[in-house]
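The file protein30.cif contains mmCIF, C-alpha atoms:
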data_work
loop_
_atom_site.label_atom_id
_atom_site.label_comp_id
_atom_site.auth_asym_id
_atom_site.auth_seq_id
_atom_site.Cartn_x
_atom_site.Cartn_y
_atom_site.Cartn_z
CA MET X 173 46.50 131.88 12.56
CA LYS X 174 48.99 131.44 15.36
CA GLN X 175 47.47 128.16 16.43
CA TYR X 176 47.69 126.61 12.94
CA PHE X 177 51.28 127.80 12.42
CA CYS X 178 52.56 126.00 15.52
CA ILE X 179 51.51 122.57 14.35
CA PRO X 180 53.66 122.40 11.18
CA LEU X 181 56.52 124.08 13.07
CA PHE X 182 56.43 121.29 15.63
CA LEU X 183 56.38 118.65 12.91
CA PHE X 184 59.30 120.35 11.14
CA ALA X 185 61.33 120.32 14.36
CA ALA X 186 60.59 116.62 14.86
CA VAL X 187 61.73 115.79 11.33
CA CYS X 188 64.93 117.81 11.77
CA ALA X 189 65.70 116.00 15.01
CA ARG X 190 65.47 112.69 13.18
CA ALA X 191 67.58 113.80 10.21
CA GLN X 192 70.43 115.53 11.96
CA HIS X 193 73.13 112.92 11.23
CA SER X 194 74.79 112.10 7.92
CA VAL X 195 78.19 110.98 6.60
CA GLU X 196 80.43 112.45 3.92
CA LYS X 197 83.21 110.48 2.24
CA LEU X 198 86.74 111.72 2.92
CA TRP X 199 89.03 109.19 1.26
CA GLN X 200 89.49 105.62 0.10
CA THR X 201 92.68 103.58 -0.18
CA ASP X 202 93.80 101.79 -3.30
CA THR X 203 92.74 98.14 -3.65
CA VAL X 204 95.88 96.83 -1.97
CA ILE X 205 94.57 95.38 1.30
CA ASN X 206 93.82 91.67 1.03
CA LEU X 207 90.49 91.12 2.83
CA PRO X 208 90.47 93.88 5.46
CA GLU X 209 88.07 92.90 8.25
CA SER X 210 88.59 95.44 11.03
CA VAL X 211 90.03 98.94 11.53
CA LEU X 212 91.34 100.11 14.89
CA PRO X 213 92.40 103.78 15.19
CA ASP X 214 95.22 104.76 17.55
CA THR X 215 94.73 108.51 17.44
CA LYS X 216 97.61 109.26 19.82
CA ALA X 217 100.06 107.45 17.56
CA GLY X 218 98.36 108.72 14.41
CA VAL X 219 97.89 105.19 13.11
CA LEU X 220 95.08 103.07 11.73
CA TYR X 221 95.60 99.36 12.35
CA VAL X 222 93.91 97.07 9.84
CA SER X 223 93.41 93.33 10.25
CA ILE X 224 94.23 91.63 6.95
CA MET X 225 92.81 88.13 6.62
CA GLY X 226 94.56 87.15 3.41
CA ASN X 227 92.78 84.64 1.21
CA SER X 228 90.05 83.50 3.58
CA ALA X 229 88.11 84.30 6.75
CA THR X 230 88.81 80.83 8.16
CA ASP X 231 92.07 79.42 6.81
CA ILE X 232 94.86 78.47 9.19
CA ASP X 233 97.57 79.47 6.72
CA SER X 234 99.82 82.04 8.46
CA ILE X 235 99.42 84.54 5.59
CA GLY X 236 97.23 86.99 7.53
CA GLY X 237 98.51 89.93 9.50
CA ILE X 238 98.05 93.47 10.76
CA GLY X 239 98.76 96.48 8.55
CA LYS X 240 99.25 100.17 9.33
CA LEU X 241 97.84 103.22 7.58
CA ASP X 242 98.21 106.84 8.54
CA MET X 243 95.12 108.85 9.48
CA ASN X 244 94.74 110.01 5.86
CA GLY X 245 94.65 106.51 4.43
CA GLN X 246 98.23 106.37 3.17
CA VAL X 247 99.88 102.97 3.54
CA VAL X 248 102.58 102.89 6.21
CA ASP X 249 103.23 99.14 6.32
CA LEU X 250 100.85 96.40 5.22
CA ASN X 251 103.20 93.82 6.76
CA TRP X 252 103.57 95.44 10.18
CA VAL X 253 102.84 92.09 11.83
CA LYS X 254 102.89 88.89 9.77
CA GLY X 255 102.25 85.22 10.47
CA LEU X 256 98.63 85.40 11.63
CA ASN X 257 95.92 83.27 10.06
CA SER X 258 92.65 85.10 9.42
CA PRO X 259 92.71 87.93 11.96
CA LYS X 260 89.58 89.94 12.66
CA GLY X 261 88.75 92.14 15.67
CA MET X 262 91.46 93.99 17.58
CA ALA X 263 91.75 95.77 20.93
CA ILE X 264 94.59 97.65 22.63
CA HIS X 265 95.45 97.77 26.32
CA ALA X 266 98.70 98.74 28.06
CA GLY X 267 100.91 98.56 24.99
CA LYS X 268 99.53 95.25 23.79
CA MET X 269 97.16 94.44 20.95
CA PHE X 270 94.76 91.51 21.29
CA VAL X 271 93.57 89.97 18.03
CA ALA X 272 90.88 87.38 17.28
CA ASP X 273 92.61 84.83 15.04
CA VAL X 274 90.20 81.98 14.22
CA THR X 275 90.63 79.89 17.41
CA ASP X 276 93.39 81.83 19.17
CA LEU X 277 93.70 85.17 20.85
CA ALA X 278 96.95 86.58 19.50
CA VAL X 279 98.85 89.07 21.68
CA ILE X 280 101.10 91.60 19.96
CA ASP X 281 103.73 93.78 21.62
CA ILE X 282 103.02 97.03 19.78
CA ALA X 283 106.44 98.61 20.39
CA LYS X 284 108.19 95.51 19.05
CA ALA X 285 105.63 94.80 16.29
CA LYS X 286 105.78 91.14 17.30
CA VAL X 287 103.37 88.40 18.33
CA ILE X 288 104.48 87.51 21.85
CA GLN X 289 101.76 85.04 22.78
CA ARG X 290 99.05 82.91 21.23
CA ILE X 291 96.27 81.99 23.63
CA PRO X 292 94.09 79.08 22.47
CA VAL X 293 90.40 79.55 23.23
CA PRO X 294 89.05 76.07 24.08
CA GLY X 295 86.07 74.97 21.99
CA SER X 296 86.22 78.01 19.72
CA ALA X 297 85.49 77.89 16.00
CA PHE X 298 85.27 81.43 14.58
CA LEU X 299 86.59 84.11 16.91
CA ASN X 300 85.39 87.41 15.56
CA ASP X 301 85.55 90.60 17.60
CA VAL X 302 87.64 91.72 20.57
CA THR X 303 87.27 94.47 23.16
CA ALA X 304 89.17 95.31 26.34
CA ASP X 305 87.86 97.19 29.35
CA ALA X 306 89.78 99.76 31.41
CA LYS X 307 91.02 97.04 33.77
CA GLY X 308 92.55 95.03 30.93
CA VAL X 309 89.92 92.29 30.83
CA VAL X 310 89.64 91.12 27.23
CA TYR X 311 86.41 89.82 25.71
CA VAL X 312 86.24 87.91 22.42
CA SER X 313 83.17 86.73 20.52
CA ASP X 314 82.77 83.45 18.67
CA SER X 315 80.12 83.81 16.00
CA ARG X 316 79.78 80.09 15.29
CA THR X 317 79.52 78.79 18.85
CA ARG X 318 77.46 81.84 19.97
CA LYS X 319 79.76 82.37 22.96
CA ILE X 320 81.65 85.27 24.46
CA HIS X 321 84.94 84.32 26.09
CA ARG X 322 86.87 86.38 28.61
CA PHE X 323 90.63 86.57 29.17
CA ILE X 324 91.22 87.59 32.76
CA ASN X 325 94.15 87.04 35.14
CA GLY X 326 95.97 85.01 32.51
CA THR X 327 93.09 82.58 31.97
CA VAL X 328 90.46 82.16 29.27
CA GLU X 329 86.93 81.37 30.41
CA THR X 330 83.52 81.23 28.78
CA TYR X 331 81.70 84.36 29.87
CA MET X 332 78.30 84.26 28.09
CA GLU X 333 76.56 81.70 25.88
CA ASN X 334 73.68 81.19 23.46
CA ILE X 335 73.75 84.61 21.79
CA ASP X 336 72.32 84.32 18.29
CA GLY X 337 73.90 86.42 15.55
CA LEU X 338 76.86 87.22 17.77
CA ASN X 339 79.57 89.45 16.34
CA GLY X 340 80.70 92.90 17.52
CA LEU X 341 81.69 93.75 21.11
CA LYS X 342 82.49 97.00 22.88
CA ALA X 343 83.33 97.48 26.56
CA VAL X 344 82.15 100.87 27.86
CA GLY X 345 82.79 101.37 31.56
CA ASP X 346 81.24 98.42 33.40
CA LEU X 347 78.97 97.57 30.49
CA LEU X 348 79.51 95.24 27.55
CA TYR X 349 77.68 96.15 24.35
CA ILE X 350 77.02 93.29 21.96
CA ALA X 351 75.91 92.99 18.34
CA GLY X 352 73.74 89.91 18.61
CA GLY X 353 70.33 88.59 19.50
CA GLY X 354 69.45 88.34 15.83
CA LYS X 355 69.52 91.94 14.59
CA SER X 356 70.01 93.86 17.81
CA LEU X 357 72.32 95.98 19.88
CA LEU X 358 72.42 94.44 23.35
CA LYS X 359 73.83 95.63 26.66
CA ALA X 360 75.11 93.40 29.47
CA ASP X 361 75.95 94.56 32.99
CA VAL X 362 78.57 93.14 35.37
CA ASN X 363 76.10 90.47 36.49
CA LYS X 364 75.56 89.41 32.87
CA GLY X 365 72.06 90.81 32.93
CA MET X 366 71.31 91.62 29.32
CA ILE X 367 68.80 94.01 27.79
CA LYS X 368 68.02 95.03 24.23
CA VAL X 369 69.07 98.58 23.42
CA ALA X 370 67.81 98.63 19.84
CA GLY X 371 66.52 96.45 17.05
CA LEU X 372 68.07 96.99 13.62
CA PRO X 373 67.01 96.01 10.09
CA GLN X 374 70.28 94.10 9.56
CA GLY X 375 72.54 91.97 11.73
CA GLY X 376 75.53 93.73 13.26
CA ASP X 377 79.26 93.58 12.69
CA GLY X 378 81.05 96.55 14.29
CA ILE X 379 79.74 98.76 17.10
CA GLU X 380 81.35 102.03 18.16
CA PRO X 381 80.20 104.46 20.88
CA ILE X 382 79.72 108.08 19.92
CA GLY X 383 80.26 109.15 23.53
CA ASN X 384 76.79 110.39 24.43
CA GLY X 385 74.98 107.08 24.75
CA ASP X 386 74.56 106.78 20.98
CA PHE X 387 76.35 104.22 18.78
CA LEU X 388 77.44 103.53 15.25
CA PHE X 389 76.40 100.06 14.11
CA SER X 390 77.71 98.44 10.93
CA SER X 391 76.27 95.53 9.01
CA TRP X 392 78.56 93.41 6.85
CA GLY X 393 76.15 93.43 3.91
CA GLY X 394 76.79 97.13 3.36
CA TYR X 395 74.91 99.24 5.91
CA LEU X 396 75.93 101.80 8.51
CA TYR X 397 73.43 102.94 11.15
CA TYR X 398 73.32 105.64 13.77
CA VAL X 399 71.68 104.17 16.89
CA TYR X 400 70.28 106.54 19.49
CA ALA X 401 70.36 105.81 23.21
CA ASP X 402 66.56 105.55 23.20
CA GLY X 403 66.64 102.71 20.64
CA ARG X 404 65.85 104.67 17.49
CA SER X 405 68.12 104.22 14.48
CA ASP X 406 68.87 106.02 11.22
CA LEU X 407 70.53 104.61 8.12
CA LEU X 408 73.67 106.64 7.39
CA LEU X 409 75.17 104.68 4.51
CA ASP X 410 73.98 101.94 2.16
CA THR X 411 76.55 100.35 -0.16
CA HIS X 412 74.95 96.94 -0.66
CA LEU X 413 73.95 97.55 -4.30
CA GLU X 414 77.59 98.37 -5.05
CA LYS X 415 78.56 95.12 -3.31
CA ILE X 416 80.77 97.04 -0.89
CA ASN X 417 80.84 95.41 2.53
CA ILE X 418 80.94 97.43 5.74
CA ALA X 419 82.73 95.17 8.19
CA ASP X 420 84.15 95.97 11.66
CA ILE X 421 84.35 99.76 11.70
CA GLY X 422 86.68 102.02 13.67
CA TYR X 423 85.82 105.48 14.96
CA ASP X 424 87.70 108.61 15.99
CA PRO X 425 85.42 110.32 18.54
CA VAL X 426 87.38 113.59 18.45
CA LYS X 427 87.42 114.16 14.69
CA ARG X 428 84.16 112.18 14.29
CA VAL X 429 85.56 110.06 11.47
CA VAL X 430 84.33 106.53 10.71
CA TYR X 431 86.81 104.07 9.19
CA ILE X 432 85.29 101.28 7.10
CA PRO X 433 87.02 98.06 5.99
CA THR X 434 85.37 96.87 2.77
CA PHE X 435 86.36 93.18 2.92
CA PHE X 436 86.19 91.83 -0.67
CA LYS X 437 86.80 95.29 -2.20
CA LYS X 438 90.25 95.32 -0.54
CA THR X 439 90.07 98.94 0.59
CA VAL X 440 89.51 101.07 3.67
CA MET X 441 87.22 104.10 3.43
CA ALA X 442 86.84 107.09 5.75
CA TYR X 443 83.66 109.09 6.31
CA GLN X 444 83.02 112.25 8.28
CA LEU X 445 80.10 111.94 10.69
CA LYS X 446 77.94 115.05 10.67
#

Spit out the file's structure as structure tokens when you get a sec.
Amino acid sequence: MKQYFCIPLFLFAAVCARAQHSVEKLWQTDTVINLPESVLPDTKAGVLYVSIMGNSATDIDSIGGIGKLDMNGQVVDLNWVKGLNSPKGMAIHAGKMFVADVTDLAVIDIAKAKVIQRIPVPGSAFLNDVTADAKGVVYVSDSRTRKIHRFINGTVETYMENIDGLNGLKAVGDLLYIAGGGKSLLKADVNKGMIKVAGLPQGGDGIEPIGNGDFLFSSWGGYLYYVYADGRSDLLLDTHLEKINIADIGYDPVKRVVYIPTFFKKTVMAYQLK
């Protein structure tokens, strides 16, 4: 009897280990955000920054900008910074925000709420996501040219090339995590040696570290995945039948809250990770 009991117990434990993560919806804003592409939490300031593209993901029209919400989804200022074109990914370092804005890297002085510099990225076509490492080196992806550019010591240079399906970036220590390679989460070291961490059913948009080697991985079509350090993945959220996009997510690692910009639905949603 004892021998036969252990087998289903083992299988039950294995199933539980695979099903331990889920998300629960906390809130959703009104439909007042015109094409939100990315959410960047600043937990110390109690602010969610949202990149607002305006009428298009590509237009050079100066009607895009960065908005501010509080941590509960209430609008603080949807015109916090104006005059951008179609801004997407954002990163913060040393009081400055770096924003991918079609073919420029826009630099915002956060205290002044003002664009203080526009850095053209030579040969770029569709700058998409931005990340900054602890040293202040800024990386920006170009989804159309399949290149990652790097802003270092006041100069823009091409850092990596020929990455299919390139979108999300996240610097973690000396490593650069990349949504690319088709439908994969990739990892590049300081020598640009790149390995595949995980293969996913859908191409990636935003990637956010959980803090234990695991990641959240969003797909623009309406999917949110939990990716384990060993390459396994679980589907946490599927909104594609509702035609709700899941673009470049933000994440609060302390409260374990995922912030989702819904693109065409003109809202931001928040989910508790469990």

Inset, instruction - Using the chain letters and residue numbers of this document, give as a list in words the residues selected by the PyMOL selection byres ((chain X and resi 335) around 8). - result: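 So the PyMOL selection byres ((chain X and resi 335) around 8) ends up selecting Arg318, Lys319, Met332, Glu333, Asn334, Asp336, Gly337, Leu338, Gly352 and Gly353 of chain X.
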
How would the residues just chosen look if you wrote them out with C-alpha atoms as a PDB file, keeping the file's coordinate frame?
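What follows is the written file result18.pdb:
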ATOM      1  CA  ARG X 318      77.460  81.840  19.970  1.00  0.00           C
ATOM      2  CA  LYS X 319      79.760  82.370  22.960  1.00  0.00           C
ATOM      3  CA  MET X 332      78.300  84.260  28.090  1.00  0.00           C
ATOM      4  CA  GLU X 333      76.560  81.700  25.880  1.00  0.00           C
ATOM      5  CA  ASN X 334      73.680  81.190  23.460  1.00  0.00           C
ATOM      6  CA  ASP X 336      72.320  84.320  18.290  1.00  0.00           C
ATOM      7  CA  GLY X 337      73.900  86.420  15.550  1.00  0.00           C
ATOM      8  CA  LEU X 338      76.860  87.220  17.770  1.00  0.00           C
ATOM      9  CA  GLY X 352      73.740  89.910  18.610  1.00  0.00           C
ATOM     10  CA  GLY X 353      70.330  88.590  19.500  1.00  0.00           C
TER      11      GLY X 353
END

Inset, instruction - Find the spatial neighbours of Ile379 in chain X, counting all atoms listed in the file, within a cut-off of 9 Å - ignore same-chain residues fewer than 2 positions away - and output them as a ChimeraX atom specification. - result: /X:340-342,349-351,357,376-377,381,387-390,420-422

Inset, instruction - Spell out the residues picked by the PyMOL selection byres ((chain X and resi 234) around 9) here, as JSON, numbers by chain. - result: {"X": [226, 231, 232, 233, 235, 236, 237, 254, 255, 256, 257, 258]}

Legend entry - Residues near Pro292 in chain X, cut-off 8 Å, only C-alpha atoms, skip fewer than 4 positions along chain, as a PyMOL selection string: chain X and resi 275-277

Inset, instruction - Counting only C-alpha atoms, write as a list in words all protein and nucleic acid residues lying at most 6 Å from (94.5, 88.3, 15.4) in the file's frame. - result: Pro259, Lys260, Val271, Ala272, Asp273 and Ala278 of chain X

Inset, instruction - Write out as JSON, numbers by chain which residues come within 8 Å of range 207-215 of chain X when counting all atoms listed in the file, dropping same-chain ones fewer than 5 positions away. - result: {"X": [220, 221, 222, 223, 224, 225, 226, 227, 228, 243, 259, 260, 261, 262, 263, 419, 420, 421, 422, 423, 424, 431, 432, 433, 434, 435, 436, 437, 438, 439, 440]}

Print the selection's residues with C-alpha atoms to a file, as a CSV table (one decimal), in the coordinates of the input.
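What follows is the written file selection10.csv:
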chain,number,residue,atom,x,y,z
X,220,LEU,CA,95.1,103.1,11.7
X,221,TYR,CA,95.6,99.4,12.4
X,222,VAL,CA,93.9,97.1,9.8
X,223,SER,CA,93.4,93.3,10.2
X,224,ILE,CA,94.2,91.6,7.0
X,225,MET,CA,92.8,88.1,6.6
X,226,GLY,CA,94.6,87.2,3.4
X,227,ASN,CA,92.8,84.6,1.2
X,228,SER,CA,90.0,83.5,3.6
X,243,MET,CA,95.1,108.8,9.5
X,259,PRO,CA,92.7,87.9,12.0
X,260,LYS,CA,89.6,89.9,12.7
X,261,GLY,CA,88.8,92.1,15.7
X,262,MET,CA,91.5,94.0,17.6
X,263,ALA,CA,91.8,95.8,20.9
X,419,ALA,CA,82.7,95.2,8.2
X,420,ASP,CA,84.2,96.0,11.7
X,421,ILE,CA,84.4,99.8,11.7
X,422,GLY,CA,86.7,102.0,13.7
X,423,TYR,CA,85.8,105.5,15.0
X,424,ASP,CA,87.7,108.6,16.0
X,431,TYR,CA,86.8,104.1,9.2
X,432,ILE,CA,85.3,101.3,7.1
X,433,PRO,CA,87.0,98.1,6.0
X,434,THR,CA,85.4,96.9,2.8
X,435,PHE,CA,86.4,93.2,2.9
X,436,PHE,CA,86.2,91.8,-0.7
X,437,LYS,CA,86.8,95.3,-2.2
X,438,LYS,CA,90.2,95.3,-0.5
X,439,THR,CA,90.1,98.9,0.6
X,440,VAL,CA,89.5,101.1,3.7

Legend entry - Minimum-distance residue to Asp386 in chain X, chosen among X:Gly267, X:Gly326, X:Pro425, X:Gly354 (using all atoms listed in the file): X:Pro425

Legend entry - Residue among X:Lys415, X:Lys364, X:His321, X:Lys197 lying closest to Phe298 in chain X, counting only C-alpha atoms: X:His321

Legend entry - Matched chain/residue IDs from the PyMOL selection byres ((chain X and resi 297) around 7), as a list in words: Val274, Thr275, Gly295, Ser296, Phe298, Leu299, Asp314, Arg316 and Thr317 of chain X

Inset, instruction - Please provide as an MDAnalysis selection string all residues within 8 Å of Asp305 in chain X, with the sequence filter that same-chain residues fewer than 6 positions apart are discarded (counting all atoms listed in the file). - result: chainID X and resid 343:346

Because the input lacks atoms here, generate N, CA and C atoms for range 280-312 of chain X and report them as a PDB file, in the coordinates of the input.
ATOM      1  N   ILE X 280     100.007  90.930  20.657  1.00  0.00           N
ATOM      2  CA  ILE X 280     101.100  91.600  19.960  1.00  0.00           C
ATOM      3  C   ILE X 280     101.699  92.674  20.853  1.00  0.00           C
ATOM      4  N   ASP X 281     103.020  92.673  20.978  1.00  0.00           N
ATOM      5  CA  ASP X 281     103.730  93.780  21.620  1.00  0.00           C
ATOM      6  C   ASP X 281     103.824  94.887  20.577  1.00  0.00           C
ATOM      7  N   ILE X 282     103.112  95.986  20.803  1.00  0.00           N
ATOM      8  CA  ILE X 282     103.020  97.030  19.780  1.00  0.00           C
ATOM      9  C   ILE X 282     104.374  97.668  19.524  1.00  0.00           C
ATOM     10  N   ALA X 283     105.142  97.964  20.560  1.00  0.00           N
ATOM     11  CA  ALA X 283     106.440  98.610  20.390  1.00  0.00           C
ATOM     12  C   ALA X 283     107.399  97.747  19.572  1.00  0.00           C
ATOM     13  N   LYS X 284     107.302  96.425  19.747  1.00  0.00           N
ATOM     14  CA  LYS X 284     108.190  95.510  19.050  1.00  0.00           C
ATOM     15  C   LYS X 284     107.610  94.994  17.733  1.00  0.00           C
ATOM     16  N   ALA X 285     106.313  95.286  17.488  1.00  0.00           N
ATOM     17  CA  ALA X 285     105.630  94.800  16.290  1.00  0.00           C
ATOM     18  C   ALA X 285     105.794  93.276  16.160  1.00  0.00           C
ATOM     19  N   LYS X 286     105.512  92.581  17.248  1.00  0.00           N
ATOM     20  CA  LYS X 286     105.780  91.140  17.300  1.00  0.00           C
ATOM     21  C   LYS X 286     104.706  90.417  18.091  1.00  0.00           C
ATOM     22  N   VAL X 287     104.280  89.263  17.582  1.00  0.00           N
ATOM     23  CA  VAL X 287     103.370  88.400  18.330  1.00  0.00           C
ATOM     24  C   VAL X 287     104.157  87.764  19.470  1.00  0.00           C
ATOM     25  N   ILE X 288     103.741  88.029  20.694  1.00  0.00           N
ATOM     26  CA  ILE X 288     104.480  87.510  21.850  1.00  0.00           C
ATOM     27  C   ILE X 288     103.750  86.353  22.534  1.00  0.00           C
ATOM     28  N   GLN X 289     102.512  86.133  22.156  1.00  0.00           N
ATOM     29  CA  GLN X 289     101.760  85.040  22.780  1.00  0.00           C
ATOM     30  C   GLN X 289     100.575  84.666  21.905  1.00  0.00           C
ATOM     31  N   ARG X 290     100.275  83.390  21.868  1.00  0.00           N
ATOM     32  CA  ARG X 290      99.050  82.910  21.230  1.00  0.00           C
ATOM     33  C   ARG X 290      98.284  82.139  22.281  1.00  0.00           C
ATOM     34  N   ILE X 291      97.076  82.584  22.573  1.00  0.00           N
ATOM     35  CA  ILE X 291      96.270  81.990  23.630  1.00  0.00           C
ATOM     36  C   ILE X 291      95.127  81.197  22.995  1.00  0.00           C
ATOM     37  N   PRO X 292      95.193  79.872  23.018  1.00  0.00           N
ATOM     38  CA  PRO X 292      94.090  79.080  22.470  1.00  0.00           C
ATOM     39  C   PRO X 292      92.808  79.313  23.272  1.00  0.00           C
ATOM     40  N   VAL X 293      91.697  79.416  22.573  1.00  0.00           N
ATOM     41  CA  VAL X 293      90.400  79.550  23.230  1.00  0.00           C
ATOM     42  C   VAL X 293      89.684  78.211  23.087  1.00  0.00           C
ATOM     43  N   PRO X 294      89.598  77.435  24.163  1.00  0.00           N
ATOM     44  CA  PRO X 294      89.050  76.070  24.080  1.00  0.00           C
ATOM     45  C   PRO X 294      87.621  76.054  23.509  1.00  0.00           C
ATOM     46  N   GLY X 295      87.396  75.157  22.566  1.00  0.00           N
ATOM     47  CA  GLY X 295      86.070  74.970  21.990  1.00  0.00           C
ATOM     48  C   GLY X 295      85.668  76.032  20.990  1.00  0.00           C
ATOM     49  N   SER X 296      86.576  76.932  20.647  1.00  0.00           N
ATOM     50  CA  SER X 296      86.220  78.010  19.720  1.00  0.00           C
ATOM     51  C   SER X 296      86.262  77.523  18.276  1.00  0.00           C
ATOM     52  N   ALA X 297      85.548  78.263  17.404  1.00  0.00           N
ATOM     53  CA  ALA X 297      85.490  77.890  16.000  1.00  0.00           C
ATOM     54  C   ALA X 297      85.688  79.072  15.065  1.00  0.00           C
ATOM     55  N   PHE X 298      85.211  80.258  15.460  1.00  0.00           N
ATOM     56  CA  PHE X 298      85.270  81.430  14.580  1.00  0.00           C
ATOM     57  C   PHE X 298      85.298  82.684  15.446  1.00  0.00           C
ATOM     58  N   LEU X 299      86.452  82.912  16.083  1.00  0.00           N
ATOM     59  CA  LEU X 299      86.590  84.110  16.910  1.00  0.00           C
ATOM     60  C   LEU X 299      86.493  85.339  16.010  1.00  0.00           C
ATOM     61  N   ASN X 300      85.741  86.333  16.476  1.00  0.00           N
ATOM     62  CA  ASN X 300      85.390  87.410  15.560  1.00  0.00           C
ATOM     63  C   ASN X 300      85.784  88.798  16.055  1.00  0.00           C
ATOM     64  N   ASP X 301      85.214  89.265  17.137  1.00  0.00           N
ATOM     65  CA  ASP X 301      85.550  90.600  17.600  1.00  0.00           C
ATOM     66  C   ASP X 301      86.171  90.564  18.984  1.00  0.00           C
ATOM     67  N   VAL X 302      86.928  91.620  19.295  1.00  0.00           N
ATOM     68  CA  VAL X 302      87.640  91.720  20.570  1.00  0.00           C
ATOM     69  C   VAL X 302      87.430  93.109  21.145  1.00  0.00           C
ATOM     70  N   THR X 303      87.280  93.183  22.458  1.00  0.00           N
ATOM     71  CA  THR X 303      87.270  94.470  23.160  1.00  0.00           C
ATOM     72  C   THR X 303      87.947  94.273  24.507  1.00  0.00           C
ATOM     73  N   ALA X 304      88.509  95.347  25.027  1.00  0.00           N
ATOM     74  CA  ALA X 304      89.170  95.310  26.340  1.00  0.00           C
ATOM     75  C   ALA X 304      88.599  96.432  27.193  1.00  0.00           C
ATOM     76  N   ASP X 305      88.347  96.138  28.466  1.00  0.00           N
ATOM     77  CA  ASP X 305      87.860  97.190  29.350  1.00  0.00           C
ATOM     78  C   ASP X 305      89.034  97.925  29.998  1.00  0.00           C
ATOM     79  N   ALA X 306      88.734  98.921  30.822  1.00  0.00           N
ATOM     80  CA  ALA X 306      89.780  99.760  31.410  1.00  0.00           C
ATOM     81  C   ALA X 306      90.693  98.987  32.356  1.00  0.00           C
ATOM     82  N   LYS X 307      90.228  97.853  32.861  1.00  0.00           N
ATOM     83  CA  LYS X 307      91.020  97.040  33.770  1.00  0.00           C
ATOM     84  C   LYS X 307      91.893  96.024  33.023  1.00  0.00           C
ATOM     85  N   GLY X 308      91.752  95.969  31.714  1.00  0.00           N
ATOM     86  CA  GLY X 308      92.550  95.030  30.930  1.00  0.00           C
ATOM     87  C   GLY X 308      91.906  93.686  30.731  1.00  0.00           C
ATOM     88  N   VAL X 309      90.641  93.535  31.107  1.00  0.00           N
ATOM     89  CA  VAL X 309      89.920  92.290  30.830  1.00  0.00           C
ATOM     90  C   VAL X 309      89.536  92.292  29.357  1.00  0.00           C
ATOM     91  N   VAL X 310      89.853  91.212  28.667  1.00  0.00           N
ATOM     92  CA  VAL X 310      89.640  91.120  27.230  1.00  0.00           C
ATOM     93  C   VAL X 310      88.468  90.173  26.955  1.00  0.00           C
ATOM     94  N   TYR X 311      87.568  90.627  26.106  1.00  0.00           N
ATOM     95  CA  TYR X 311      86.410  89.820  25.710  1.00  0.00           C
ATOM     96  C   TYR X 311      86.522  89.518  24.215  1.00  0.00           C
ATOM     97  N   VAL X 312      86.190  88.299  23.826  1.00  0.00           N
ATOM     98  CA  VAL X 312      86.240  87.910  22.420  1.00  0.00           C
ATOM     99  C   VAL X 312      85.003  87.099  22.074  1.00  0.00           C
TER     100      VAL X 312
END
